[in-house]
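Source file: input_11.txt; contents: compact mmCIF, C-alpha atoms and all ligand atoms.
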```
# COMPACT_ATOMS: atom_id res chain seq x y z
CA MET A 1 32.37 -204.28 -46.01
CA PHE A 2 34.85 -201.64 -44.92
CA LYS A 3 37.84 -199.83 -46.45
CA GLY A 4 41.39 -200.88 -45.82
CA ILE A 5 44.81 -201.40 -47.30
CA LEU A 6 45.80 -204.90 -48.34
CA VAL A 7 49.36 -205.92 -49.17
CA HIS A 8 49.51 -208.60 -51.88
CA LYS A 9 52.37 -210.73 -53.14
CA ASP A 10 51.51 -212.94 -56.07
CA GLU A 11 52.27 -213.42 -59.77
CA ALA A 12 51.47 -209.71 -60.30
CA GLY A 13 54.21 -208.77 -57.80
CA TYR A 14 54.34 -207.03 -54.40
CA ARG A 15 51.82 -204.22 -54.04
CA ALA A 16 49.59 -202.39 -51.58
CA THR A 17 46.04 -201.49 -52.62
CA LEU A 18 43.24 -199.52 -50.96
CA GLN A 19 40.11 -201.63 -51.35
CA ASP A 20 36.88 -202.98 -49.86
CA ILE A 21 37.45 -205.75 -47.32
CA ASP A 22 34.84 -208.17 -46.02
CA GLU A 23 34.63 -208.89 -42.26
CA THR A 24 34.97 -212.60 -42.99
CA GLN A 25 38.52 -211.88 -44.21
CA LEU A 26 39.63 -210.53 -40.81
CA GLY A 27 40.67 -213.81 -39.25
CA ASP A 28 40.98 -214.82 -35.58
CA GLY A 29 40.38 -212.71 -32.51
CA ASP A 30 37.90 -212.30 -29.67
CA VAL A 31 37.59 -208.51 -29.93
CA THR A 32 36.46 -206.47 -32.95
CA VAL A 33 37.40 -202.81 -33.02
CA ARG A 34 36.16 -199.91 -35.14
CA VAL A 35 39.51 -198.31 -35.95
CA GLU A 36 39.27 -194.52 -35.65
CA TRP A 37 42.94 -193.60 -36.02
CA SER A 38 46.00 -195.45 -37.16
CA THR A 39 49.47 -194.19 -37.91
CA LEU A 40 52.45 -194.73 -40.15
CA ASN A 41 55.54 -196.09 -38.46
CA TYR A 42 58.86 -196.86 -40.14
CA LYS A 43 57.87 -200.55 -40.17
CA ASP A 44 54.59 -199.70 -41.94
CA GLY A 45 56.61 -197.99 -44.67
CA LEU A 46 58.59 -201.22 -45.05
CA ALA A 47 55.37 -203.28 -45.20
CA ILE A 48 53.68 -201.00 -47.74
CA THR A 49 56.68 -200.86 -50.07
CA GLY A 50 58.04 -204.37 -49.51
CA LYS A 51 61.51 -202.87 -48.99
CA SER A 52 62.09 -205.30 -46.11
CA PRO A 53 60.28 -208.61 -45.50
CA VAL A 54 58.07 -207.30 -42.68
CA VAL A 55 54.85 -208.90 -43.96
CA ARG A 56 54.86 -212.63 -43.33
CA ARG A 57 51.53 -213.71 -44.88
CA PHE A 58 49.54 -212.47 -47.86
CA PRO A 59 47.22 -210.76 -48.44
CA LEU A 60 47.58 -208.78 -45.20
CA VAL A 61 46.32 -205.50 -43.77
CA PRO A 62 49.48 -203.56 -42.72
CA GLY A 63 49.61 -201.18 -39.76
CA ILE A 64 51.37 -202.13 -36.52
CA ASP A 65 49.09 -200.02 -34.33
CA PHE A 66 45.62 -198.52 -34.04
CA ALA A 67 43.22 -196.85 -31.63
CA GLY A 68 39.46 -197.17 -31.71
CA THR A 69 36.27 -198.41 -30.06
CA VAL A 70 35.33 -202.01 -29.30
CA THR A 71 32.23 -203.10 -31.25
CA HIS A 72 32.11 -206.82 -30.31
CA SER A 73 33.89 -208.76 -27.59
CA SER A 74 33.85 -212.23 -26.09
CA HIS A 75 36.93 -211.36 -23.98
CA ALA A 76 36.30 -210.79 -20.26
CA ALA A 77 38.29 -207.54 -20.13
CA TRP A 78 36.49 -205.69 -22.92
CA LYS A 79 32.94 -204.66 -23.85
CA PRO A 80 31.42 -202.67 -26.71
CA GLY A 81 32.13 -198.97 -26.34
CA ASP A 82 35.56 -199.41 -24.66
CA LYS A 83 38.30 -197.22 -26.12
CA VAL A 84 41.46 -199.22 -26.80
CA ILE A 85 44.99 -199.01 -28.16
CA LEU A 86 46.97 -201.74 -29.87
CA ASN A 87 50.73 -201.78 -30.48
CA GLY A 88 52.67 -204.64 -32.01
CA TRP A 89 52.13 -208.33 -31.17
CA GLY A 90 52.78 -209.11 -34.86
CA VAL A 91 49.76 -207.09 -35.97
CA GLY A 92 50.51 -205.64 -39.42
CA GLU A 93 53.18 -208.36 -39.88
CA SER A 94 51.52 -211.78 -39.48
CA HIS A 95 48.04 -210.72 -38.26
CA HIS A 96 45.79 -208.17 -40.02
CA GLY A 97 46.69 -204.68 -38.82
CA GLY A 98 45.50 -201.17 -38.20
CA LEU A 99 45.29 -199.69 -41.69
CA ALA A 100 41.70 -200.82 -42.16
CA GLN A 101 38.50 -199.45 -40.69
CA THR A 102 37.84 -202.65 -38.72
CA ALA A 103 40.31 -204.86 -36.86
CA ARG A 104 39.86 -208.17 -35.08
CA VAL A 105 42.49 -209.08 -32.48
CA SER A 106 43.06 -210.95 -29.23
CA GLY A 107 41.74 -209.02 -26.24
CA ASP A 108 45.01 -209.93 -24.45
CA TRP A 109 46.83 -207.53 -26.78
CA LEU A 110 44.80 -204.42 -26.00
CA VAL A 111 45.57 -201.55 -23.64
CA ALA A 112 42.82 -199.25 -22.35
CA LEU A 113 43.04 -195.74 -23.78
CA PRO A 114 44.24 -193.46 -20.94
CA ALA A 115 41.62 -190.84 -20.05
CA ALA A 116 44.16 -188.12 -20.87
CA PHE A 117 44.16 -189.01 -24.57
CA SER A 118 41.76 -189.06 -27.49
CA THR A 119 42.19 -191.95 -29.94
CA ARG A 120 43.83 -189.43 -32.31
CA GLN A 121 46.37 -188.35 -29.68
CA ALA A 122 47.13 -191.99 -28.84
CA MET A 123 48.02 -192.59 -32.47
CA ALA A 124 49.98 -189.34 -32.72
CA ILE A 125 52.12 -191.05 -30.07
CA GLY A 126 51.76 -194.46 -31.73
CA THR A 127 54.27 -197.25 -31.51
CA ALA A 128 57.11 -194.79 -32.10
CA GLY A 129 56.15 -192.70 -29.07
CA TYR A 130 55.41 -195.70 -26.86
CA THR A 131 58.85 -197.06 -27.81
CA ALA A 132 60.41 -193.71 -26.88
CA MET A 133 58.73 -194.10 -23.47
CA LEU A 134 60.13 -197.63 -23.11
CA CYS A 135 63.59 -196.12 -23.70
CA VAL A 136 63.01 -193.42 -21.08
CA LEU A 137 61.76 -196.02 -18.58
CA ALA A 138 64.94 -198.07 -19.14
CA LEU A 139 67.17 -195.02 -18.57
CA GLU A 140 65.25 -194.16 -15.39
CA LYS A 141 65.43 -197.75 -14.14
CA HIS A 142 69.18 -197.62 -14.70
CA GLY A 143 69.19 -194.71 -12.24
CA ILE A 144 70.00 -191.87 -14.62
CA ARG A 145 68.79 -188.53 -13.27
CA PRO A 146 68.79 -185.07 -14.93
CA ALA A 147 71.83 -184.00 -12.86
CA ASP A 148 73.92 -186.83 -14.35
CA GLY A 149 74.42 -185.02 -17.66
CA GLU A 150 73.20 -184.79 -21.23
CA ILE A 151 71.02 -187.41 -22.95
CA LEU A 152 71.71 -188.01 -26.64
CA VAL A 153 68.70 -188.70 -28.91
CA THR A 154 69.54 -189.91 -32.44
CA GLY A 155 67.18 -189.88 -35.43
CA ALA A 156 65.81 -186.74 -33.77
CA ASN A 157 63.42 -185.70 -36.53
CA GLY A 158 61.75 -189.09 -36.60
CA GLY A 159 58.78 -190.29 -34.55
CA VAL A 160 60.79 -192.01 -31.80
CA GLY A 161 63.22 -189.10 -31.68
CA GLY A 162 60.60 -186.36 -31.44
CA VAL A 163 58.64 -187.99 -28.64
CA ALA A 164 61.85 -188.92 -26.79
CA ILE A 165 63.03 -185.30 -26.88
CA ALA A 166 59.69 -183.95 -25.64
CA LEU A 167 59.47 -186.55 -22.86
CA LEU A 168 63.05 -186.19 -21.63
CA ALA A 169 63.00 -182.39 -21.73
CA GLY A 170 59.70 -182.39 -19.84
CA LEU A 171 61.29 -184.58 -17.17
CA GLY A 172 64.12 -182.07 -16.75
CA TYR A 173 66.87 -183.76 -18.73
CA SER A 174 69.22 -181.79 -20.96
CA VAL A 175 68.72 -183.32 -24.41
CA VAL A 176 71.15 -183.28 -27.33
CA ALA A 177 69.37 -184.01 -30.62
CA SER A 178 71.37 -185.65 -33.42
CA THR A 179 69.96 -185.09 -36.90
CA GLY A 180 70.79 -185.13 -40.58
CA ARG A 181 68.40 -182.20 -41.02
CA LEU A 182 70.02 -179.24 -39.25
CA ALA A 183 67.49 -176.99 -40.99
CA GLU A 184 64.96 -178.41 -38.51
CA SER A 185 66.98 -177.22 -35.48
CA ASP A 186 64.35 -174.67 -34.43
CA TYR A 187 61.69 -177.37 -34.44
CA LEU A 188 63.90 -179.70 -32.37
CA GLN A 189 64.60 -176.91 -29.88
CA SER A 190 60.88 -176.15 -29.67
CA LEU A 191 60.38 -179.77 -28.60
CA GLY A 192 62.92 -179.21 -25.83
CA ALA A 193 66.36 -180.05 -27.24
CA ALA A 194 69.05 -178.02 -25.47
CA ARG A 195 71.48 -178.54 -28.37
CA VAL A 196 71.36 -179.96 -31.88
CA ILE A 197 74.30 -181.77 -33.49
CA ASP A 198 74.93 -183.00 -37.03
CA ARG A 199 74.45 -186.76 -37.25
CA ALA A 200 77.63 -186.88 -39.35
CA GLU A 201 79.52 -186.51 -36.02
CA LEU A 202 78.32 -190.01 -35.12
CA SER A 203 77.69 -191.87 -38.38
CA ALA A 204 81.27 -192.54 -39.59
CA PRO A 205 83.43 -195.40 -38.25
CA GLY A 206 84.87 -194.19 -34.91
CA LYS A 207 87.36 -195.16 -32.20
CA PRO A 208 86.60 -197.84 -29.58
CA LEU A 209 86.45 -195.10 -26.92
CA GLY A 210 85.92 -191.35 -27.25
CA LYS A 211 85.49 -188.37 -24.93
CA GLU A 212 82.80 -189.13 -22.31
CA ARG A 213 79.79 -187.05 -23.34
CA TRP A 214 76.41 -188.63 -22.51
CA ALA A 215 74.81 -189.83 -19.31
CA GLY A 216 72.36 -191.78 -21.45
CA VAL A 217 71.33 -192.36 -25.04
CA VAL A 218 68.12 -193.06 -26.97
CA ASP A 219 69.28 -194.51 -30.29
CA ALA A 220 66.88 -195.04 -33.20
CA VAL A 221 69.64 -195.32 -35.83
CA GLY A 222 71.93 -198.32 -35.09
CA SER A 223 75.15 -199.12 -37.01
CA HIS A 224 78.14 -196.75 -36.49
CA THR A 225 75.88 -194.24 -34.73
CA LEU A 226 75.09 -196.75 -32.00
CA ALA A 227 78.72 -197.86 -31.77
CA ASN A 228 79.90 -194.24 -31.44
CA ALA A 229 77.15 -193.47 -28.92
CA CYS A 230 78.39 -196.35 -26.76
CA ALA A 231 82.01 -195.18 -27.18
CA THR A 232 81.16 -191.67 -25.96
CA THR A 233 78.83 -192.54 -23.06
CA LYS A 234 80.05 -191.63 -19.58
CA TYR A 235 81.28 -194.15 -17.03
CA ARG A 236 78.36 -196.38 -15.85
CA GLY A 237 75.97 -194.65 -18.27
CA ALA A 238 73.31 -196.42 -20.34
CA VAL A 239 72.41 -196.65 -24.01
CA THR A 240 68.98 -197.77 -25.22
CA ALA A 241 68.98 -199.31 -28.71
CA CYS A 242 65.55 -199.32 -30.33
CA GLY A 243 66.05 -198.68 -34.04
CA LEU A 244 67.96 -199.35 -37.22
CA ALA A 245 67.17 -196.33 -39.43
CA GLY A 246 70.89 -196.10 -40.28
CA GLY A 247 71.58 -199.84 -40.48
CA MET A 248 71.14 -203.12 -38.66
CA ASP A 249 74.83 -203.74 -38.06
CA PHE A 250 76.64 -202.91 -34.84
CA PRO A 251 80.31 -202.36 -35.69
CA ALA A 252 81.49 -201.80 -32.10
CA SER A 253 84.15 -202.97 -29.65
CA VAL A 254 83.74 -204.22 -26.08
CA ALA A 255 85.82 -201.29 -24.74
CA PRO A 256 82.85 -199.15 -23.52
CA PHE A 257 81.43 -202.18 -21.67
CA ILE A 258 84.59 -203.45 -19.97
CA LEU A 259 86.43 -200.15 -19.44
CA ARG A 260 83.53 -197.76 -18.77
CA ALA A 261 80.93 -200.18 -17.42
CA ILE A 262 78.29 -198.81 -19.73
CA THR A 263 75.07 -200.80 -20.22
CA LEU A 264 73.35 -201.37 -23.55
CA TYR A 265 69.61 -201.97 -23.24
CA GLY A 266 67.68 -203.58 -26.10
CA ILE A 267 64.22 -202.07 -26.48
CA ASP A 268 61.42 -204.06 -28.11
CA SER A 269 57.89 -202.75 -28.28
CA VAL A 270 56.31 -205.63 -30.22
CA MET A 271 56.31 -208.39 -27.59
CA ALA A 272 56.71 -206.21 -24.48
CA PRO A 273 54.67 -207.67 -21.59
CA LEU A 274 51.29 -206.09 -20.81
CA PRO A 275 52.25 -204.53 -17.42
CA LEU A 276 55.18 -202.71 -19.07
CA ARG A 277 52.89 -201.44 -21.84
CA GLN A 278 50.35 -200.23 -19.31
CA GLN A 279 53.10 -198.48 -17.37
CA ALA A 280 54.44 -196.84 -20.54
CA TRP A 281 50.99 -195.54 -21.56
CA GLN A 282 50.25 -194.26 -18.04
CA ARG A 283 53.59 -192.44 -18.01
CA LEU A 284 52.92 -190.97 -21.46
CA ALA A 285 49.59 -189.68 -20.13
CA ARG A 286 51.39 -188.08 -17.18
CA ASP A 287 54.58 -186.80 -18.78
CA LEU A 288 54.01 -185.96 -22.44
CA ASP A 289 53.17 -182.36 -23.29
CA ILE A 290 50.13 -182.64 -25.59
CA ALA A 291 50.85 -179.24 -27.17
CA LYS A 292 54.31 -180.48 -28.25
CA LEU A 293 52.77 -183.69 -29.55
CA GLU A 294 50.53 -181.65 -31.83
CA THR A 295 53.55 -179.87 -33.37
CA ILE A 296 55.08 -183.27 -34.21
CA THR A 297 51.89 -184.55 -35.86
CA ARG A 298 50.79 -184.52 -39.48
CA GLU A 299 47.30 -185.78 -40.32
CA ILE A 300 46.34 -187.70 -43.47
CA GLY A 301 43.37 -189.78 -44.66
CA LEU A 302 43.47 -193.50 -45.39
CA ALA A 303 43.50 -192.69 -49.12
CA ASP A 304 46.96 -191.04 -48.70
CA ALA A 305 48.53 -193.76 -46.55
CA ILE A 306 50.19 -195.75 -49.35
CA ALA A 307 51.93 -192.67 -50.82
CA VAL A 308 53.03 -191.30 -47.43
CA GLY A 309 54.18 -194.75 -46.28
CA THR A 310 56.53 -194.78 -49.27
CA GLU A 311 57.70 -191.22 -48.50
CA LEU A 312 58.47 -192.24 -44.90
CA LEU A 313 61.36 -194.46 -45.96
CA SER A 314 63.08 -191.59 -47.74
CA GLY A 315 63.79 -189.97 -44.33
CA THR A 316 62.02 -186.74 -45.31
CA VAL A 317 58.92 -187.07 -43.12
CA ARG A 318 59.13 -185.09 -39.88
CA GLY A 319 57.68 -186.44 -36.64
CA ARG A 320 54.52 -188.51 -36.62
CA VAL A 321 51.86 -189.20 -39.25
CA VAL A 322 48.33 -190.02 -38.03
CA VAL A 323 45.81 -191.62 -40.34
CA ASP A 324 42.14 -190.64 -40.05
CA MET A 325 40.56 -193.98 -40.88
CA GLN A 326 37.06 -192.63 -41.42
CA ARG A 327 37.84 -189.43 -43.39
CA GLY A 328 35.85 -189.32 -46.59
CA TYR A 329 33.94 -192.48 -45.71
CA SER A 330 31.53 -191.55 -42.89
P1 LIG B 401 61.18 -192.37 -38.67
O1 LIG B 401 61.29 -192.76 -40.10
O2 LIG B 401 60.07 -191.49 -38.22
O3 LIG B 401 62.54 -191.66 -38.20
C1 LIG B 401 63.81 -192.20 -38.41
C2 LIG B 401 64.82 -191.06 -38.32
O4 LIG B 401 66.12 -191.63 -38.39
C3 LIG B 401 64.74 -190.09 -39.50
O5 LIG B 401 63.79 -189.07 -39.28
C4 LIG B 401 66.14 -189.56 -39.54
O6 LIG B 401 66.27 -188.54 -38.54
C5 LIG B 401 66.98 -190.75 -39.08
N1 LIG B 401 67.57 -191.46 -40.21
C6 LIG B 401 66.92 -191.93 -41.31
N2 LIG B 401 67.78 -192.53 -42.14
C7 LIG B 401 69.00 -192.44 -41.55
C8 LIG B 401 70.30 -192.87 -41.93
N3 LIG B 401 70.53 -193.52 -43.09
N4 LIG B 401 71.32 -192.62 -41.08
C9 LIG B 401 71.09 -191.97 -39.92
N5 LIG B 401 69.90 -191.52 -39.52
C10 LIG B 401 68.86 -191.77 -40.33
O7 LIG B 401 61.17 -193.72 -37.83
P2 LIG B 401 60.69 -193.96 -36.32
O8 LIG B 401 61.15 -192.84 -35.48
O9 LIG B 401 59.27 -194.36 -36.31
O10 LIG B 401 61.54 -195.26 -35.97
C11 LIG B 401 62.95 -195.13 -35.80
C12 LIG B 401 63.57 -196.51 -35.75
O11 LIG B 401 63.09 -197.20 -34.61
C13 LIG B 401 63.25 -197.38 -36.96
O12 LIG B 401 64.39 -198.12 -37.30
C14 LIG B 401 62.15 -198.28 -36.44
O13 LIG B 401 62.10 -199.50 -37.13
C15 LIG B 401 62.57 -198.46 -35.00
N6 LIG B 401 61.48 -198.81 -34.12
C16 LIG B 401 61.69 -199.86 -33.28
C17 LIG B 401 60.74 -200.24 -32.39
C18 LIG B 401 61.05 -201.32 -31.43
O14 LIG B 401 60.13 -201.96 -30.91
N7 LIG B 401 62.31 -201.55 -31.14
C19 LIG B 401 59.41 -199.60 -32.38
C20 LIG B 401 59.31 -198.43 -33.23
C21 LIG B 401 60.33 -198.08 -34.08
P3 LIG B 401 67.09 -187.16 -38.84
O15 LIG B 401 66.56 -186.64 -40.12
O16 LIG B 401 66.77 -186.33 -37.66
O17 LIG B 401 68.54 -187.56 -38.92
```

What is this structure when it is put down as structure tokens?
Amino acid sequence: MFKGILVHKDEAGYRATLQDIDETQLGDGDVTVRVEWSTLNYKDGLAITGKSPVVRRFPLVPGIDFAGTVTHSSHAAWKPGDKVILNGWGVGESHHGGLAQTARVSGDWLVALPAAFSTRQAMAIGTAGYTAMLCVLALEKHGIRPADGEILVTGANGGVGGVAIALLAGLGYSVVASTGRLAESDYLQSLGAARVIDRAELSAPGKPLGKERWAGVVDAVGSHTLANACATTKYRGAVTACGLAGGMDFPASVAPFILRAITLYGIDSVMAPLPLRQQAWQRLARDLDIAKLETITREIGLADAIAVGTELLSGTVRGRVVVDMQRGYS
């Protein structure tokens, strides 16, 4: 038996409970992992509260990512003692996830923990930080260089936003952070933001085209913010769309695409192919300032995860939340 969160949906309603789970409940997979650290992503908040239909079978262990040590493996790539990371692949949605002390998954889904990171640091980055890296890789592949101009990061106080700012600033880009929490400006500047703007500048319905401001964009917000980001991106610039914290709609016009030749890249972390994941984690190991990561990170125990997962959706949590899966139990 081990401790974990289970999300139930039955005659008693939708609820998440911290409880004992038996290994026989874990389901399919050729690798078993002792989960050391997990994390709370926006999607985990949705799964814990039921605010959006993220969980697709019940009961289910939520948690779209984890880091830990392999305890059993019949997969050729992994052996007991290997340190591994898992992000996505439907884990925490349709397959039992990371918010339990043991996980069983396909070995094809795992990435080796880079030597630069502890399992705690890997989860401080988590799916949010790995997604931020996917956005940065897309902007680089598009050919955007620091000399091309400012990069806008929206949802700046969130997990994706914080890691994106730290990464881009470390790579020499001039970063403009858009936030609804201007009181956190000092924190955003300490991560490397050159300027901080009020998200209200971008969140109202805007014109099809505006003044050309950004060489590139990392957008975690969607809706009017994404439409306005596209409308104010410079000629031949690029926008990466990875989130919907402000809404799933995209009330835009084609003007930025056909008159300014901007490119909109969709960023998905869940089903990203293994080589891209490996590249993203290697680049995080090379380019992310660990000291900055620590300032983004708040640590909780598994016993607090349900309450903090609920808090996450209120938009008041800053940066990243790591969950110590063994605290109080070992
Ligand atoms: P967080 O909850 O940590 O951060 C979201 C941030 O968005 C908040 O901190 C806030 O920043 C801003 N925000 C919240 N509500 C609103 C609103 N109504 N209007 C405008 N801005 C708002 O989430 P993450 O950083 O972990 O994730 C961000 C988004 O990216 C989510 O939508 C998530 O689902 C998505 N995501 C997508 C992935 C993918 O594979 N494509 C992977 C990981 C995440 P501030 O206070 O600074 O304004």

### Task
Could you tell me which of A:Asp44, A:Asp186, A:Asp10, A:Asp22 comes closest to ligand LIG 401 (chain B) if we count only C-alpha atoms and all ligand atoms?
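Using only C-alpha atoms and all ligand atoms, the shortest distance to ligand LIG 401 (chain B) belongs to A:Asp44.
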
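Distances to ligand LIG 401 (chain B) were evaluated for A:Leu46, A:Ala194, A:Ala305, A:Ala76 using all atoms listed in the file, and the minimum falls at A:Leu46.
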
### Query
Separation of CA of Thr39 (chain A) and CA of Asp198 (chain A), in Å?
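Separation of CA of Thr39 (chain A) and CA of Asp198 (chain A): 27.8 Å.
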
### Message
Need to verify the contact set: region 287-290 of chain A, 10 Å, all atoms listed in the file, exclusion of same-chain residues closer than 4 positions in sequence. Can you return it as a PyMOL selection string?
### Response
chain A and resi 116-117+121+124-125+129+133+163-164+166-171+191+281-283+294-296

Around ligand LIG 401 (chain B), at most 7 Å away and counting only C-alpha atoms and all ligand atoms, which residues are there? Put them as an mmCIF file with C-alpha atoms, in the coordinates of the input, please.
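The result, written out as part16.cif:
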```cif
data_model
loop_
_atom_site.group_PDB
_atom_site.id
_atom_site.type_symbol
_atom_site.label_atom_id
_atom_site.label_comp_id
_atom_site.auth_asym_id
_atom_site.auth_seq_id
_atom_site.Cartn_x
_atom_site.Cartn_y
_atom_site.Cartn_z
ATOM 1 C CA ASN A 41 55.540 -196.090 -38.460
ATOM 2 C CA TYR A 42 58.860 -196.860 -40.140
ATOM 3 C CA LYS A 43 57.870 -200.550 -40.170
ATOM 4 C CA THR A 127 54.270 -197.250 -31.510
ATOM 5 C CA ALA A 128 57.110 -194.790 -32.100
ATOM 6 C CA THR A 131 58.850 -197.060 -27.810
ATOM 7 C CA THR A 154 69.540 -189.910 -32.440
ATOM 8 C CA GLY A 155 67.180 -189.880 -35.430
ATOM 9 C CA ALA A 156 65.810 -186.740 -33.770
ATOM 10 C CA ASN A 157 63.420 -185.700 -36.530
ATOM 11 C CA GLY A 158 61.750 -189.090 -36.600
ATOM 12 C CA GLY A 159 58.780 -190.290 -34.550
ATOM 13 C CA VAL A 160 60.790 -192.010 -31.800
ATOM 14 C CA GLY A 161 63.220 -189.100 -31.680
ATOM 15 C CA SER A 178 71.370 -185.650 -33.420
ATOM 16 C CA THR A 179 69.960 -185.090 -36.900
ATOM 17 C CA GLY A 180 70.790 -185.130 -40.580
ATOM 18 C CA ARG A 181 68.400 -182.200 -41.020
ATOM 19 C CA ARG A 199 74.450 -186.760 -37.250
ATOM 20 C CA SER A 203 77.690 -191.870 -38.380
ATOM 21 C CA ALA A 220 66.880 -195.040 -33.200
ATOM 22 C CA VAL A 221 69.640 -195.320 -35.830
ATOM 23 C CA CYS A 242 65.550 -199.320 -30.330
ATOM 24 C CA GLY A 243 66.050 -198.680 -34.040
ATOM 25 C CA LEU A 244 67.960 -199.350 -37.220
ATOM 26 C CA ALA A 245 67.170 -196.330 -39.430
ATOM 27 C CA GLY A 246 70.890 -196.100 -40.280
ATOM 28 C CA GLY A 247 71.580 -199.840 -40.480
ATOM 29 C CA ILE A 267 64.220 -202.070 -26.480
ATOM 30 C CA ASP A 268 61.420 -204.060 -28.110
ATOM 31 C CA SER A 269 57.890 -202.750 -28.280
ATOM 32 C CA VAL A 270 56.310 -205.630 -30.220
ATOM 33 C CA LEU A 312 58.470 -192.240 -44.900
ATOM 34 C CA LEU A 313 61.360 -194.460 -45.960
ATOM 35 C CA GLY A 315 63.790 -189.970 -44.330
ATOM 36 C CA THR A 316 62.020 -186.740 -45.310
ATOM 37 C CA VAL A 317 58.920 -187.070 -43.120
ATOM 38 C CA ARG A 318 59.130 -185.090 -39.880
ATOM 39 C CA GLY A 319 57.680 -186.440 -36.640
ATOM 40 C CA ARG A 320 54.520 -188.510 -36.620
#
```

### Query
In Å, with one decimal, what is the gap from CA of Ser118 (chain A) to CA of Ser106 (chain A)?
22.0 Å

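Proximity of A:Leu134, A:Ala100, A:Met248, A:Leu264 to Gln19 (chain A), computed with all atoms listed in the file, is greatest for A:Ala100.
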
### Message
My list of candidates is A:Ser94, A:Gln189, A:Asn87, A:Gln279. Which is closest to Pro53 (chain A) when distances are computed with all atoms listed in the file?
### Response
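Once distances to Pro53 (chain A) are computed over all atoms listed in the file, the minimum belongs to A:Ser94.
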
### Sphere at (43.5, -211.5, -29.1), radius 10 Å, counting all atoms listed in the file: residues as a PyMOL selection string
chain A and resi 28-32+75+89+104-110

Those same residues - C-alpha atoms - I'd like them written as a compact mmCIF listing (two decimals), keeping the file's coordinate frame.
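As a result, out-v8.txt now contains:
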```
# COMPACT_ATOMS: atom_id res chain seq x y z
CA ASP A 28 40.98 -214.82 -35.58
CA GLY A 29 40.38 -212.71 -32.51
CA ASP A 30 37.90 -212.30 -29.67
CA VAL A 31 37.59 -208.51 -29.93
CA THR A 32 36.46 -206.47 -32.95
CA HIS A 75 36.93 -211.36 -23.98
CA TRP A 89 52.13 -208.33 -31.17
CA ARG A 104 39.86 -208.17 -35.08
CA VAL A 105 42.49 -209.08 -32.48
CA SER A 106 43.06 -210.95 -29.23
CA GLY A 107 41.74 -209.02 -26.24
CA ASP A 108 45.01 -209.93 -24.45
CA TRP A 109 46.83 -207.53 -26.78
CA LEU A 110 44.80 -204.42 -26.00
```

### Query
From the list A:Ala285, A:Leu259, A:Ile306, A:Met271, which residue is nearest Ala115 (chain A) when using all atoms listed in the file?
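Distance minimum relative to Ala115 (chain A) lands on A:Ala285.
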
### Task
Could you tell me how far CA of Phe58 (chain A) lies from CA of Gly126 (chain A), in Å and to one decimal?
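About the pair CA of Phe58 (chain A) and CA of Gly126 (chain A): they are 24.3 Å apart.
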
Edge lengths and centre in Å, axis-aligned, region 303-319 of chain A plus 3 Å each side, as lines of an AutoDock Vina configuration file:
```
center_x = 53.6
center_y = -190.4
center_z = -43.7
size_x = 26.3
size_y = 16.7
size_z = 20.2
```

### Query
Of the candidates A:Val111, A:Gly27, A:Asp324, A:Gly143, which one gets nearest to Leu276 (chain A) if we count only C-alpha atoms?
A:Val111

#### Entry: All residues 6 Å or closer to Val61 (chain A), all atoms listed in the file, same chain fewer than 6 positions away omitted, as a ChimeraX atom specification
/A:5-6,96-97

### Task
Anything within 12 Å of (85.2, -205.5, -26.7): list those residues as a list of chain:residue names, counting all atoms listed in the file and sticking to the file's coordinates.
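Nearby residues: A:Lys207, A:Pro208, A:Leu209, A:Ala227, A:Cys230, A:Ala231, A:Pro251, A:Ala252, A:Ser253, A:Val254, A:Ala255, A:Pro256, A:Phe257, A:Ile258, A:Leu259, A:Arg260, A:Ala261, A:Ile262.
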
Using only C-alpha atoms, which residues sit within 9 Å of Thr240 (chain A) once same-chain residues fewer than 4 positions away are excluded, as an mmCIF file with C-alpha atoms, keeping the file's coordinate frame?
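Output (part.cif):
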```cif
data_model
loop_
_atom_site.group_PDB
_atom_site.id
_atom_site.type_symbol
_atom_site.label_atom_id
_atom_site.label_comp_id
_atom_site.auth_asym_id
_atom_site.auth_seq_id
_atom_site.Cartn_x
_atom_site.Cartn_y
_atom_site.Cartn_z
ATOM 1 C CA CYS A 135 63.590 -196.120 -23.700
ATOM 2 C CA VAL A 136 63.010 -193.420 -21.080
ATOM 3 C CA ALA A 138 64.940 -198.070 -19.140
ATOM 4 C CA LEU A 139 67.170 -195.020 -18.570
ATOM 5 C CA GLY A 216 72.360 -191.780 -21.450
ATOM 6 C CA VAL A 217 71.330 -192.360 -25.040
ATOM 7 C CA VAL A 218 68.120 -193.060 -26.970
ATOM 8 C CA ASP A 219 69.280 -194.510 -30.290
ATOM 9 C CA ALA A 220 66.880 -195.040 -33.200
ATOM 10 C CA THR A 263 75.070 -200.800 -20.220
ATOM 11 C CA LEU A 264 73.350 -201.370 -23.550
ATOM 12 C CA TYR A 265 69.610 -201.970 -23.240
ATOM 13 C CA GLY A 266 67.680 -203.580 -26.100
ATOM 14 C CA ILE A 267 64.220 -202.070 -26.480
#
```

### Query
Pro146 (chain A): which residues within 8 Å, counting all atoms listed in the file, same-chain residues fewer than 6 positions away excluded, as a list of chain:residue names?
A:Leu171, A:Gly172, A:Tyr173, A:Ser174
